[in-house]
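What follows is a set of notes on a single structure, which appears directly below.
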Amino acid sequence: MIGLALGTEREISGHAAGMRTMALIGAGSCLFTGLGLIPIFGKTVDPTRIAAQIVTGVGFLGAGSILRQGEDVRGLTTAAMIWVVASLGMAVGFGYYTVAVIAGLMVIVTLVSIKPLEERFIKNRRNRRLTDPHPPEPP
């Protein structure tokens, strides 16, 4: 549910990884984490190994969401969201419901409140380039 809430913000903002993507990432990481806590064949399983694999796999998903269009780089916030939603799913899977809800609310507040501040106070935000913003003058 937390992934769905965060995905709703992405959907409203018009980003590619929206409600369904974030809900699935959160549910999947929660399920993998929960399954890592179940002893199999009488042996205890190290849940941190499952968590490490979730972080690695989600890193690949996030990397796939980063695009370079000419000199612009897009998708960094979406990649970060994928990573955060996976961590929130893991928190729920480990049983830290309150931590997950509070962190999820903090992420939503951050996403909603910082964008207007960037647009108002950082005038050339959309003009960031990978190259030198002040190229040398031609001779």
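Identifiers in the structure tokens: chain A, B, ... in order shown; residue index from 1 per chain; ligand index from 1 in order shown.
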Proximity check range 90-110 of chain A to range 9-17 of chain A, 12 Å, nearest pairs one decimal Å, only C-alpha atoms, as a tab-separated table:
residue	atom	partner	partner_atom	distance
A:Gly104	CA	A:Glu9	CA	11.6
A:Leu105	CA	A:Glu9	CA	11.5
A:Val107	CA	A:Glu9	CA	10.2
A:Ile108	CA	A:Glu9	CA	7.3
A:Val109	CA	A:Glu9	CA	10.1
A:Thr110	CA	A:Glu9	CA	11.0
- [ ] Please report, as a ChimeraX atom specification, each residue of range 10-139 of chain A to which DSSP assigns strand (DSSP E) when run on this structure's backbone.
- [x] /A:67-69,72-74
Open item on the list: Restricting the calculation to only C-alpha atoms: of A:Asp46, A:Ala79, A:Val73, A:Ile122, which residue gets closest to Phe60 in chain A?
Closed with: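 Smallest separation from Phe60 in chain A among the options: A:Ala79.
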TODO: Select, from A:Thr77, A:Leu61, A:Gly70, A:Gly7, the residue with the minimum atom-to-atom distance to Lys115 in chain A, counting only C-alpha atoms.
DONE: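 Once distances to Lys115 in chain A are computed over only C-alpha atoms, the minimum belongs to A:Thr77.
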TODO: Would you please extract all helix (DSSP H, G or I) residues from chain A, as assigned by DSSP on the backbone, and give them as an MDAnalysis selection string?
DONE: chainID A and resid 2:12 19:36 47:65 76:93 97:121 125:127
